[in-house]
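Okay, protein22.txt is below, compact mmCIF, C-alpha atoms:
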```
# COMPACT_ATOMS: atom_id res chain seq x y z
CA MET A 1 -67.20 53.89 36.99
CA PHE A 2 -67.95 53.89 33.28
CA PRO A 3 -66.81 50.87 31.24
CA ARG A 4 -63.43 51.20 29.58
CA GLU A 5 -64.24 49.82 26.19
CA ARG A 6 -61.45 48.90 23.80
CA ALA A 7 -63.28 50.13 20.71
CA THR A 8 -60.64 51.45 18.33
CA ALA A 9 -60.54 53.54 15.20
CA ILE A 10 -57.74 53.12 12.69
CA GLN A 11 -56.84 55.95 10.37
CA VAL A 12 -55.66 54.95 6.91
CA ALA A 13 -51.92 55.47 6.74
CA THR A 14 -50.20 57.84 4.35
CA PRO A 15 -46.46 58.55 4.10
CA GLU A 16 -47.01 61.79 6.02
CA ARG A 17 -49.55 60.44 8.51
CA PRO A 18 -49.06 56.88 9.76
CA ALA A 19 -52.03 54.85 10.97
CA ILE A 20 -53.32 55.68 14.42
CA ARG A 21 -55.27 53.73 17.00
CA VAL A 22 -57.73 55.22 19.49
CA ALA A 23 -58.46 53.46 22.78
CA TRP A 24 -59.29 54.03 26.43
CA ALA A 25 -56.44 53.24 28.81
CA GLN A 26 -56.87 49.85 30.47
CA HIS A 27 -53.71 49.63 32.58
CA LEU A 28 -51.50 51.90 34.65
CA ASP A 29 -48.65 51.71 32.16
CA GLU A 30 -50.93 53.20 29.49
CA VAL A 31 -51.93 56.02 31.83
CA ARG A 32 -48.24 56.60 32.60
CA ALA A 33 -47.50 56.93 28.87
CA ALA A 34 -50.17 59.63 28.63
CA GLN A 35 -48.75 61.39 31.67
CA ARG A 36 -45.28 61.38 30.11
CA LEU A 37 -46.65 62.96 26.95
CA ARG A 38 -48.43 65.57 29.02
CA TYR A 39 -45.21 66.36 30.88
CA ASP A 40 -43.25 66.73 27.65
CA VAL A 41 -45.83 69.14 26.22
CA PHE A 42 -46.74 71.15 29.31
CA ALA A 43 -43.38 71.34 31.06
CA GLY A 44 -41.03 70.87 28.12
CA GLU A 45 -42.77 73.11 25.61
CA MET A 46 -44.98 75.45 27.65
CA GLY A 47 -42.70 75.87 30.65
CA ALA A 48 -45.27 74.69 33.20
CA ARG A 49 -44.06 74.23 36.76
CA LEU A 50 -45.47 70.85 37.70
CA ASN A 51 -45.57 69.51 41.24
CA THR A 52 -45.51 65.82 40.40
CA PRO A 53 -44.82 62.72 42.51
CA LEU A 54 -43.06 60.97 39.62
CA ALA A 55 -40.28 62.65 37.64
CA GLY A 56 -41.06 63.23 33.98
CA HIS A 57 -44.80 62.67 34.42
CA ASP A 58 -47.69 65.16 34.78
CA ILE A 59 -49.77 63.68 37.62
CA ASP A 60 -52.38 65.26 39.86
CA LEU A 61 -55.06 64.05 42.25
CA PHE A 62 -57.75 63.90 39.54
CA ASP A 63 -55.91 61.37 37.39
CA ASN A 64 -56.94 58.37 39.48
CA PHE A 65 -60.61 59.29 39.03
CA CYS A 66 -60.48 59.93 35.27
CA GLU A 67 -60.83 57.83 32.16
CA HIS A 68 -57.82 58.39 29.88
CA LEU A 69 -58.33 58.48 26.12
CA LEU A 70 -55.25 57.69 24.04
CA VAL A 71 -54.25 58.04 20.42
CA CYS A 72 -51.34 55.78 19.56
CA ASP A 73 -49.07 55.49 16.55
CA GLU A 74 -50.09 52.09 15.23
CA ALA A 75 -46.57 51.22 14.05
CA THR A 76 -44.66 52.13 17.21
CA GLY A 77 -47.34 51.99 19.92
CA GLN A 78 -46.27 55.46 21.08
CA VAL A 79 -48.98 57.61 22.70
CA ILE A 80 -49.20 60.71 20.52
CA GLY A 81 -52.40 62.29 21.84
CA THR A 82 -54.51 62.18 24.96
CA TYR A 83 -57.52 63.55 26.83
CA ARG A 84 -58.66 62.73 30.30
CA VAL A 85 -62.38 62.53 31.07
CA LEU A 86 -63.93 63.05 34.49
CA THR A 87 -67.48 61.68 34.62
CA PRO A 88 -70.25 63.01 36.90
CA VAL A 89 -70.01 59.99 39.20
CA GLN A 90 -66.26 60.29 39.54
CA ALA A 91 -66.46 64.07 40.04
CA GLN A 92 -68.72 63.38 43.02
CA ARG A 93 -66.22 60.85 44.36
CA VAL A 94 -63.24 63.23 44.15
CA GLY A 95 -65.35 66.17 45.38
CA SER A 96 -65.03 68.54 42.42
CA THR A 97 -63.74 68.95 38.90
CA TYR A 98 -60.39 70.48 38.00
CA SER A 99 -62.33 73.43 36.56
CA ASP A 100 -63.79 74.05 40.04
CA THR A 101 -60.28 74.87 41.25
CA GLU A 102 -60.00 77.67 38.67
CA PHE A 103 -63.59 78.93 38.46
CA ASP A 104 -66.71 79.31 40.57
CA LEU A 105 -69.05 76.95 38.69
CA THR A 106 -72.13 77.60 40.83
CA ARG A 107 -74.29 78.42 37.80
CA LEU A 108 -73.57 75.01 36.27
CA ARG A 109 -74.99 73.06 39.21
CA SER A 110 -78.13 72.05 37.29
CA LEU A 111 -75.96 70.42 34.60
CA ARG A 112 -73.61 68.39 36.78
CA ASP A 113 -75.38 65.05 36.65
CA ARG A 114 -74.98 65.00 32.83
CA MET A 115 -71.69 66.90 32.58
CA VAL A 116 -68.22 65.51 31.93
CA GLU A 117 -65.01 67.45 32.23
CA LEU A 118 -62.40 67.20 29.50
CA GLY A 119 -58.86 68.05 30.48
CA ARG A 120 -55.14 67.75 29.92
CA SER A 121 -55.58 67.54 26.15
CA CYS A 122 -52.33 67.45 24.22
CA VAL A 123 -50.80 66.07 21.03
CA HIS A 124 -47.15 65.20 20.36
CA ARG A 125 -45.40 67.96 18.45
CA ASP A 126 -44.71 65.67 15.47
CA HIS A 127 -48.37 64.72 15.06
CA ARG A 128 -50.30 67.99 15.31
CA HIS A 129 -52.61 67.54 12.38
CA GLY A 130 -56.37 67.31 12.17
CA GLY A 131 -56.44 63.51 12.10
CA VAL A 132 -55.38 63.08 15.72
CA ILE A 133 -57.83 65.67 17.06
CA MET A 134 -60.69 64.29 14.93
CA ALA A 135 -59.97 60.78 16.22
CA LEU A 136 -60.06 62.01 19.82
CA TRP A 137 -63.30 63.92 19.29
CA GLY A 138 -64.91 60.97 17.54
CA ALA A 139 -64.19 58.71 20.51
CA LEU A 140 -65.42 61.36 22.95
CA GLY A 141 -68.66 61.76 21.00
CA ALA A 142 -69.27 58.01 21.10
CA PHE A 143 -68.57 58.01 24.86
CA MET A 144 -71.13 60.77 25.44
CA VAL A 145 -73.84 59.00 23.44
CA ARG A 146 -73.11 55.60 24.99
CA ASN A 147 -73.41 56.97 28.53
CA GLN A 148 -76.31 59.37 27.87
CA LEU A 149 -74.34 62.49 28.79
CA ASP A 150 -74.96 65.81 27.08
CA THR A 151 -72.52 68.47 28.33
CA MET A 152 -68.74 68.82 28.23
CA ILE A 153 -66.78 71.49 30.07
CA GLY A 154 -63.11 72.28 30.43
CA CYS A 155 -60.39 74.89 30.64
CA ALA A 156 -58.89 75.81 27.26
CA SER A 157 -55.38 77.20 27.65
CA ILE A 158 -53.87 80.21 25.93
CA PRO A 159 -50.08 80.53 26.28
CA MET A 160 -48.81 83.60 28.10
CA LEU A 161 -45.77 83.73 25.83
CA HIS A 162 -46.25 85.99 22.77
CA ASN A 163 -43.42 86.99 20.42
CA GLY A 164 -40.89 85.81 22.97
CA VAL A 165 -42.36 87.92 25.78
CA VAL A 166 -44.43 86.63 28.68
CA SER A 167 -47.61 88.69 28.86
CA GLY A 168 -51.35 88.23 28.91
CA ASP A 169 -51.98 90.49 25.92
CA MET A 170 -52.72 87.57 23.58
CA ALA A 171 -55.17 86.03 26.02
CA ALA A 172 -56.86 89.39 26.60
CA SER A 173 -57.20 89.89 22.85
CA ILE A 174 -58.65 86.43 22.29
CA TRP A 175 -61.11 86.95 25.14
CA ARG A 176 -62.23 90.22 23.49
CA GLN A 177 -62.91 88.34 20.24
CA VAL A 178 -64.77 85.35 21.67
CA GLN A 179 -66.74 87.47 24.12
CA ALA A 180 -68.29 89.22 21.15
CA THR A 181 -69.08 86.09 19.15
CA HIS A 182 -69.26 82.98 21.35
CA LEU A 183 -70.28 84.01 24.87
CA ALA A 184 -72.71 81.63 26.60
CA PRO A 185 -76.06 82.87 27.97
CA ILE A 186 -75.71 84.65 31.29
CA GLU A 187 -77.25 81.77 33.27
CA TYR A 188 -74.10 79.74 32.53
CA HIS A 189 -71.49 82.41 33.29
CA VAL A 190 -68.71 81.47 35.72
CA ARG A 191 -66.16 83.55 37.61
CA PRO A 192 -62.39 82.97 37.68
CA ARG A 193 -60.89 82.48 41.11
CA LEU A 194 -57.65 84.16 39.96
CA PRO A 195 -58.73 86.48 37.14
CA LEU A 196 -56.39 87.51 34.37
CA PRO A 197 -56.13 91.33 34.83
CA ILE A 198 -57.77 92.14 31.48
CA GLU A 199 -58.08 95.86 32.20
CA GLN A 200 -54.29 96.14 32.56
CA LEU A 201 -53.52 94.38 29.27
CA ASP A 202 -53.54 95.23 25.58
CA ALA A 203 -56.64 93.51 24.21
CA SER A 204 -56.32 94.96 20.71
CA LEU A 205 -53.87 92.45 19.19
CA ASN A 206 -54.87 90.83 15.90
CA VAL A 207 -54.22 87.24 16.96
CA GLU A 208 -56.03 83.97 16.32
CA PRO A 209 -57.10 81.63 19.11
CA PRO A 210 -55.10 78.41 19.48
CA ALA A 211 -56.16 75.64 17.11
CA LEU A 212 -57.91 73.65 19.83
CA ILE A 213 -60.07 76.61 20.86
CA LYS A 214 -60.95 77.33 17.22
CA GLY A 215 -61.95 73.69 16.85
CA TYR A 216 -64.19 73.84 19.91
CA LEU A 217 -65.90 76.97 18.60
CA ARG A 218 -66.56 75.32 15.23
CA LEU A 219 -68.25 72.48 17.13
CA GLY A 220 -70.63 74.92 18.81
CA ALA A 221 -68.81 75.45 22.10
CA LYS A 222 -69.46 78.56 24.17
CA VAL A 223 -67.16 80.58 26.40
CA LEU A 224 -68.48 80.86 29.96
CA GLY A 225 -66.61 83.97 31.06
CA PRO A 226 -63.24 85.74 31.20
CA PRO A 227 -60.01 83.75 31.57
CA ALA A 228 -58.34 82.71 34.77
CA TRP A 229 -54.59 83.03 35.17
CA ASP A 230 -52.81 79.73 35.81
CA PRO A 231 -49.27 80.64 36.93
CA ASP A 232 -48.18 77.00 37.27
CA PHE A 233 -49.03 76.20 33.65
CA ASN A 234 -47.87 79.60 32.38
CA SER A 235 -51.22 80.10 30.66
CA ALA A 236 -54.55 81.86 30.72
CA ASP A 237 -57.49 79.45 30.83
CA LEU A 238 -60.83 80.09 29.16
CA PRO A 239 -63.82 78.27 30.66
CA MET A 240 -65.67 76.51 27.84
CA MET A 241 -68.78 74.40 27.52
CA MET A 242 -69.93 72.25 24.63
CA ARG A 243 -73.41 70.72 24.62
CA ILE A 244 -74.44 67.87 22.34
CA ALA A 245 -77.59 69.79 21.35
CA ASP A 246 -75.43 72.64 20.00
CA LEU A 247 -73.31 70.44 17.72
CA PRO A 248 -73.76 71.69 14.13
CA SER A 249 -75.54 69.22 11.87
CA ARG A 250 -72.51 68.85 9.59
CA TYR A 251 -70.55 67.35 12.50
CA ARG A 252 -73.36 65.37 14.09
CA LYS A 253 -73.08 62.24 11.95
CA HIS A 254 -69.28 62.20 12.09
CA PHE A 255 -69.04 62.45 15.87
CA LEU A 256 -72.33 60.97 17.05
CA GLY A 257 -73.22 58.56 14.27
CA ALA A 258 -76.60 60.31 13.98
```
Written as structure tokens, that's how I'd like the structure from this file.
Amino acid sequence: MFPRERATAIQVATPERPAIRVAWAQHLDEVRAAQRLRYDVFAGEMGARLNTPLAGHDIDLFDNFCEHLLVCDEATGQVIGTYRVLTPVQAQRVGSTYSDTEFDLTRLRSLRDRMVELGRSCVHRDHRHGGVIMALWGALGAFMVRNQLDTMIGCASIPMLHNGVVSGDMAASIWRQVQATHLAPIEYHVRPRLPLPIEQLDASLNVEPPALIKGYLRLGAKVLGPPAWDPDFNSADLPMMMRIADLPSRYRKHFLGA
């Protein structure tokens, strides 16, 4: 297992944005705080149907094998943002990644020994500004460099709810856009196990991708194929990959210190 270092980053406080602290979870109670935040966002806001062993917490079998990155409000100690990180060693221990349950990742097999999976990213509704996401990404970049890893994958969710109606039209439209501009080379394409039925949907909507997906694309991420439908999370999931080598130079020093 990779070391859980307590290196922190403090953001200068302003009246609108209080100071934040970034750290890797050291104890179960810190992981539980992250799982409560995830439950509030995924079930409370997105309407996900979560099969969880502990009420009010988003917990699955991968959690025990992951490192959990936390952003906390420095004044209150409240967890306001989180990612979980599944390393190559731990993915071998659990037998797969979460992404493997949604996609056939056969074409990524040559990358697995240097590939981490990012998942369950969320930010508290009162703190959805760039500072929290930048703090998370900065800590993730340092983790990748420290452990000599070069590839990150994950499922980026697109809500199925659009203008008060549950449909996949928004996801189909976003897939049409990113397919044209950010599709990975064919040797990295993956196949959804439960495909979103793109051909039955309106893919012509003029909609923007969610902020997190736009952020990934700015960092050089590529889309690996069409979205899978995740009925439990009420979302369509895009398979995405970000490689350290593809990080634009303007972000390299900020996230990698190089």
Nearest-residue call for Leu212 in chain A, choices A:Leu69, A:Val89, A:Leu224, A:Met134, using only C-alpha atoms: A:Met134
Atomic distance CA of His68 in chain A - CA of Arg191 in chain A, expressed in Å with one decimal: 27.6 Å
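Closest approach to Ile198 in chain A among A:Gly131, A:Pro239, A:Pro53, A:Gly168: A:Gly168, based on all atoms listed in the file.
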Interatomic distance (Å, one decimal) between CA of Met115 in chain A and CA of Thr87 in chain A: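 The value is 7.0 Å.
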Output as CSV one row per residue of range 130-180 of chain A within 9 Å of range 245-257 of chain A: the closest atom pair and its distance in Å to one decimal place, counting all atoms listed in the file, sorted by chain and residue number ascending.
```
residue,atom,partner,partner_atom,distance
A:Met134,CA,A:Phe255,CA,8.6
A:Trp137,CA,A:Phe255,CA,6.8
A:Gly138,CA,A:Phe255,CA,4.7
A:Ala139,CA,A:Phe255,CA,7.7
A:Leu140,CA,A:Phe255,CA,8.0
A:Gly141,CA,A:Phe255,CA,5.2
A:Ala142,CA,A:Leu256,CA,5.9
A:Met144,CA,A:Leu256,CA,8.5
A:Val145,CA,A:Leu256,CA,6.9
A:Asp150,CA,A:Ala245,CA,7.5
A:Thr151,CA,A:Ala245,CA,8.7
```
Shortest interatomic distance to Leu111 in chain A - which of A:Arg243, A:His127, A:Arg218, A:Arg32, counting all atoms listed in the file: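 Selected residue with least distance to Leu111 in chain A: A:Arg243.
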Given only C-alpha atoms as the counted atoms, nearest of A:Val223, A:Ala33, A:Met46, A:Cys72 to Met241 in chain A: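 Of the candidates, the smallest distance to Met241 in chain A is held by A:Val223.
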Using only C-alpha atoms: which of A:Ile186, A:Ala172, A:Ala75, A:Val41 has the shortest distance to Glu199 in chain A: A:Ala172
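Closest approach to Val123 in chain A from the set A:Ile158, A:Leu54, A:Ala91, A:Ala34 is made by A:Ala34, with distances taken over only C-alpha atoms.
Counting from CA of Lys222 in chain A, the distance to CA of Pro159 in chain A is 19.6 Å.
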Residue contacts of Val71 in chain A (8 Å, only C-alpha atoms) excluding same-chain residues fewer than 4 positions away, as a list of chain:residue names: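 My reading of the contact set: A:Ile20, A:Arg21, A:Val22, A:Ala23, A:Val79, A:Ile80, A:Gly81, A:Thr82, A:Val132, A:Ala135, A:Leu136.
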Which neighbours of Arg107 in chain A fall inside 7 Å, counting all atoms listed in the file, when residues of the same chain fewer than 2 positions from it are skipped, and could you give them as a PDB file with C-alpha atoms, in the frame of the given file?
```
ATOM      1  CA  LEU A 105     -69.050  76.950  38.690  1.00  0.00           C
ATOM      2  CA  ARG A 109     -74.990  73.060  39.210  1.00  0.00           C
ATOM      3  CA  GLU A 187     -77.250  81.770  33.270  1.00  0.00           C
ATOM      4  CA  TYR A 188     -74.100  79.740  32.530  1.00  0.00           C
ATOM      5  CA  HIS A 189     -71.490  82.410  33.290  1.00  0.00           C
ATOM      6  CA  VAL A 190     -68.710  81.470  35.720  1.00  0.00           C
TER       7      VAL A 190
END
```
Distance query Gln177 in chain A at most 12 Å, all atoms listed in the file, self and fewer than 2 positions along chain excluded, as a ChimeraX atom specification: /A:170-175,179-183,203-209,214,217,223,226
Set the distance at 8 Å and use all atoms listed in the file: which residues neighbour Arg120 in chain A once local chain neighbours fewer than 4 positions away are removed? I'd like the list as a tab-separated table (two decimals) with C-alpha atoms, in the coordinates of the input.
```
chain	number	residue	atom	x	y	z
A	38	ARG	CA	-48.43	65.57	29.02
A	82	THR	CA	-54.51	62.18	24.96
A	83	TYR	CA	-57.52	63.55	26.83
A	84	ARG	CA	-58.66	62.73	30.30
```
Return as JSON the box centre and box size in Å, one decimal, for an axis-aligned box around all listed atoms of range 23-40 of chain A padded by 4 Å per side.
```
{"center_x": -51.3, "center_y": 58.2, "center_z": 28.7, "size_x": 24.0, "size_y": 25.1, "size_z": 19.9}
```
